[in-house]
Amino acid sequence: MTSRRSFIKNSVFSGIAFCSCGMLDRAFAQYPLTEEQKRLVAITKDAGNDPKNNYRHPNMGNKRKPTFIDGRRINTIDTHAHCFFPEAVALAGEGANINASVKGGPQHYIPMSNREAVQYRLDTMDAMGIDMQVLSVNVFWYNKTREVATEICRINNENLAALCMAHPGRFAAFGSIAMQFPDLAVKQLEALMKMPGMKGAAIQAKMLETDYSHPMFEPVLAKAEELGAVLFMHPQSTPQLANRFKGNGWLSNTIGNPLDTTIALEHLIFDGTLDKFPNLKILAPHGGGFLGSYAPRMDVTCFISPTNCDPKIVLKKKPTDYLKQIYFDSLVFTPEALRHLVAEVGASQVMIGTDQPIPWNDDPITHILSTPLSNKEKAQILGLNAAQLLKVQGIF
Ligand SMILES: [Zn+2]
């Protein structure tokens with residue numbers, strides 16, 4: 001049997017030529033990775049690691065401003081924030097492109113071994129008024145073998161747990177599981193939920209070409225429901241439409257990501273998955289994509305065209321009613337968009353999401369405070385909903 005150490009040595013470190021060139025040095029100049037960590041990151045040659053993508057929050061260096069609603073201190077909890085760990089990224093293989101060319105790209109790397117990088121993340125959270133971040137690693141292992149996927153998830157989960165243990169008031173995490181091997185994913189989920197700070201698992205919005213309403217995933221969904229583990233279902237574009245997304249405007253993200261989430265959630269609704277697992281906790285970032293903006297169409301389609309709907313699937317509720325059992329983040333850019341999302345899904349279902357370290361919104365707290373909602377609803381979105389969902393207690 002291959003030992004863990006020899007497996008890493010054989011699969012990653014041997015026979016790979018790369019340059020530890022000045023680009024990476026500049027990319028990580030603000031909080032240097034060790035030479036070995038830079039070497040591992042260099043293997044993937046990710047565009048996101050280009051130094052031109054370094055990002056510094058304009059409010060950096062200022063003390064964290066506590067958030068109060070009606071005189072009550074609210075722990076602000078950001079449920080959508082990412083990181084990478086060099087040792088796991090290296091297992092993606094030479095030339096893999098896992099960190100897209102986005103501002104904040106190099107700031108994804110926050111291994112506990114790199115105090116400067118972790119402190120930089122904490123300082124950025126302070127600059128944004130975020131008390132706690134729930135960290136997750138975006139999936140890059142669904143096309144890997146069982147052995148490699150196991151190793152990537154292990155490295156991610158151990159690093160995430162280490163961050164949570166070192167900063168229990170500041171970090172929680174959604175761990176990594178290999179959905180392409182549901183039996184393995186069940187075991188990984190059981191194990192990671194016993195690790196410090198873990199609140200569930202971050203999964204991609206689909207497993208390669210397969211949606212989670214497929215029966216093969218039922219054991220994982222059942223286990224998540226049993227454990228109360230949140231499934232943070234993150235989009236990674238809609239590659240089937242890559243040809244149409246070509247051209248100006250980064251449409252693979254602008255349209256592809258929200259569409260990815262929308263398709264994923266509609267399958268869970270229409271295929272009866274949310275009826276089978278009524279207590280499953282699904283968190284859809286980026287405001288749930290387009291779903292909240294055009295949901296009522298779902299209530300009419302099977303009436304208009306019964307031949308396109310399966311008579312064997314009899315939903316227990318109206319399709320739009322399922323929105324009230326899914327959780328969404330607040331990353332919808334304008335107060336009007338957030339007001340509308342809340343009107344569609346309910347204030348109890350929405351929580352802060354920033355996508356940190358990617359700076360979609362430098363001021364997520366003001367975004368919520370300036371939305372025309374009651375103070376009670378604002379407090380729910382700023383932190384009370386997340387504290388309840390994730391079972392986070394106390395003031396930190
Ligand atoms: Zn994200």
# chains A, B, ... in the order shown; residues from 1 in each chain; ligands from 1

call {"tool": "residues_near_ligand", "arguments": {"ligand": "ligand 1", "cutoff": "12 Å", "atoms": "only C-alpha atoms and all ligand atoms", "output": "PyMOL selection string"}}
result
chain A and resi 78-83+99-100+102+104-105+108+134-139+202-205+232-237+253+257-258+261+283-289+329+331+353-360

call {"tool": "closest_atom_pairs", "arguments": {"of": "stretch 316-376 of chain A", "to": "stretch 292-295 of chain A", "cutoff": "7 Å", "atoms": "only C-alpha atoms", "output": "tab-separated table"}}
result
residue	atom	partner	partner_atom	distance
A:Thr320	CA	A:Ala295	CA	6.1
A:Leu341	CA	A:Gly292	CA	5.6
A:Glu344	CA	A:Gly292	CA	6.2

call {"tool": "write_last_selection", "arguments": {"atoms": "N, CA and C atoms", "output": "mmCIF file, in the first residue's frame"}}
result
data_model
loop_
_atom_site.group_PDB
_atom_site.id
_atom_site.type_symbol
_atom_site.label_atom_id
_atom_site.label_comp_id
_atom_site.auth_asym_id
_atom_site.auth_seq_id
_atom_site.Cartn_x
_atom_site.Cartn_y
_atom_site.Cartn_z
ATOM 1 N N THR A 320 -41.981 27.615 -5.602
ATOM 2 C CA THR A 320 -41.415 28.803 -4.931
ATOM 3 C C THR A 320 -41.378 28.647 -3.408
ATOM 4 N N LEU A 341 -34.584 39.982 -2.924
ATOM 5 C CA LEU A 341 -34.245 38.612 -2.504
ATOM 6 C C LEU A 341 -34.952 38.266 -1.196
ATOM 7 N N GLU A 344 -38.564 37.572 -1.598
ATOM 8 C CA GLU A 344 -38.858 36.274 -2.225
ATOM 9 C C GLU A 344 -38.598 35.088 -1.296
#

call {"tool": "residues_around", "arguments": {"residues": "A:Leu280", "least_positions_apart": "4", "cutoff": "9 Å", "atoms": "only C-alpha atoms", "output": "list in words"}}
result
Leu221, Ala222, Ala224, Glu225, Glu226, Gly228, Ala229, Val230, Leu231, Leu274, Gln325 and Ile326 of chain A

call {"tool": "write_last_selection", "arguments": {"atoms": "C-alpha atoms", "output": "mmCIF file, in the first residue's frame"}}
result
data_model
loop_
_atom_site.group_PDB
_atom_site.id
_atom_site.type_symbol
_atom_site.label_atom_id
_atom_site.label_comp_id
_atom_site.auth_asym_id
_atom_site.auth_seq_id
_atom_site.Cartn_x
_atom_site.Cartn_y
_atom_site.Cartn_z
ATOM 1 C CA LEU A 221 -27.503 14.241 1.387
ATOM 2 C CA ALA A 222 -28.946 11.860 3.989
ATOM 3 C CA ALA A 224 -25.644 15.845 5.805
ATOM 4 C CA GLU A 225 -29.247 15.996 6.966
ATOM 5 C CA GLU A 226 -28.567 13.585 9.822
ATOM 6 C CA GLY A 228 -27.037 18.975 10.511
ATOM 7 C CA ALA A 229 -24.109 19.727 8.184
ATOM 8 C CA VAL A 230 -24.634 22.723 5.898
ATOM 9 C CA LEU A 231 -23.917 22.071 2.221
ATOM 10 C CA LEU A 274 -35.906 18.772 -1.077
ATOM 11 C CA GLN A 325 -36.021 26.281 3.135
ATOM 12 C CA ILE A 326 -32.842 27.199 1.214
#

call {"tool": "residues_around", "arguments": {"residues": "A:Lys63", "least_positions_apart": "2", "cutoff": "9 Å", "atoms": "only C-alpha atoms", "output": "list in words"}}
result
Met60, Gly61, Lys65, Asp123, Asp126, Ala127 and Gly129 of chain A

call {"tool": "select_by_dssp", "arguments": {"residues": "stretch 205-338 of chain A", "states": "strand (DSSP E or B)", "output": "list of chain:residue names"}}
result
A:Met207, A:Thr210, A:Val230, A:Leu231, A:Phe232, A:Met233, A:His234, A:Lys281, A:Ile282, A:Leu283, A:Ala284, A:Tyr327, A:Phe328, A:Asp329

call {"tool": "write_last_selection", "arguments": {"atoms": "N, CA and C atoms", "output": "CSV table (one decimal), in the first residue's frame"}}
result
chain,number,residue,atom,x,y,z
A,207,MET,N,-21.7,18.0,-9.7
A,207,MET,CA,-20.5,17.1,-9.8
A,207,MET,C,-20.2,16.8,-11.2
A,210,THR,N,-23.1,16.1,-13.4
A,210,THR,CA,-24.3,15.5,-12.7
A,210,THR,C,-24.8,16.4,-11.6
A,230,VAL,N,-24.2,21.8,7.0
A,230,VAL,CA,-24.6,22.7,5.9
A,230,VAL,C,-23.9,22.3,4.6
A,231,LEU,N,-24.6,22.3,3.5
A,231,LEU,CA,-23.9,22.1,2.2
A,231,LEU,C,-23.9,23.4,1.5
A,232,PHE,N,-22.7,24.0,1.5
A,232,PHE,CA,-22.4,25.3,0.8
A,232,PHE,C,-22.2,25.0,-0.7
A,233,MET,N,-23.2,25.3,-1.5
A,233,MET,CA,-23.2,24.9,-2.9
A,233,MET,C,-22.7,26.0,-3.8
A,234,HIS,N,-21.4,26.0,-4.1
A,234,HIS,CA,-20.8,27.1,-4.8
A,234,HIS,C,-20.7,26.9,-6.3
A,281,LYS,N,-29.8,21.3,4.8
A,281,LYS,CA,-29.4,22.8,4.9
A,281,LYS,C,-28.5,23.1,3.7
A,282,ILE,N,-29.1,23.7,2.7
A,282,ILE,CA,-28.4,24.1,1.5
A,282,ILE,C,-28.2,25.6,1.6
A,283,LEU,N,-26.9,26.1,1.4
A,283,LEU,CA,-26.6,27.5,1.4
A,283,LEU,C,-26.1,27.8,0.0
A,284,ALA,N,-26.8,28.7,-0.7
A,284,ALA,CA,-26.5,29.1,-2.1
A,284,ALA,C,-25.9,30.5,-2.1
A,327,TYR,N,-31.0,28.5,2.1
A,327,TYR,CA,-30.3,29.7,2.6
A,327,TYR,C,-29.5,30.4,1.4
A,328,PHE,N,-29.4,31.7,1.5
A,328,PHE,CA,-28.8,32.5,0.4
A,328,PHE,C,-27.8,33.5,1.1
A,329,ASP,N,-26.8,33.9,0.3
A,329,ASP,CA,-26.0,35.0,0.9
A,329,ASP,C,-26.5,36.3,0.3

call {"tool": "closest_residue", "arguments": {"among": "A:Ile43, A:Ala386, A:Val186, A:Ile269", "to": "A:Val89", "atoms": "only C-alpha atoms"}}
result
A:Ile43

call {"tool": "closest_residue", "arguments": {"among": "A:Val314, A:Gly93, A:Ile77, A:Ile368", "to": "A:Gln393", "atoms": "only C-alpha atoms"}}
result
A:Ile77

call {"tool": "residues_around", "arguments": {"residues": "A:Lys316", "least_positions_apart": "3", "cutoff": "9 Å", "atoms": "only C-alpha atoms", "output": "ChimeraX atom specification"}}
result
/A:272,275,319

call {"tool": "residues_around", "arguments": {"residues": "stretch 299-305 of chain A", "least_positions_apart": "5", "cutoff": "10 Å", "atoms": "only C-alpha atoms", "output": "ChimeraX atom specification"}}
result
/A:270,310-311,317-321

call {"tool": "write_last_selection", "arguments": {"atoms": "C-alpha atoms", "output": "PDB file, in the first residue's frame"}}
result
ATOM      1  CA  PHE A 270     -38.283  19.964  -9.303  1.00  0.00           C
ATOM      2  CA  ASP A 310     -42.874  13.911 -14.727  1.00  0.00           C
ATOM      3  CA  PRO A 311     -46.284  12.778 -13.372  1.00  0.00           C
ATOM      4  CA  LYS A 317     -45.256  22.276  -2.078  1.00  0.00           C
ATOM      5  CA  LYS A 318     -45.369  24.974  -4.714  1.00  0.00           C
ATOM      6  CA  PRO A 319     -41.873  25.276  -6.298  1.00  0.00           C
ATOM      7  CA  THR A 320     -41.415  28.803  -4.931  1.00  0.00           C
ATOM      8  CA  ASP A 321     -42.200  27.604  -1.402  1.00  0.00           C
TER       9      ASP A 321
END

call {"tool": "closest_residue", "arguments": {"among": "A:Asp131, A:Glu87, A:Leu315, A:Arg154", "to": "A:Arg73", "atoms": "only C-alpha atoms"}}
result
A:Asp131
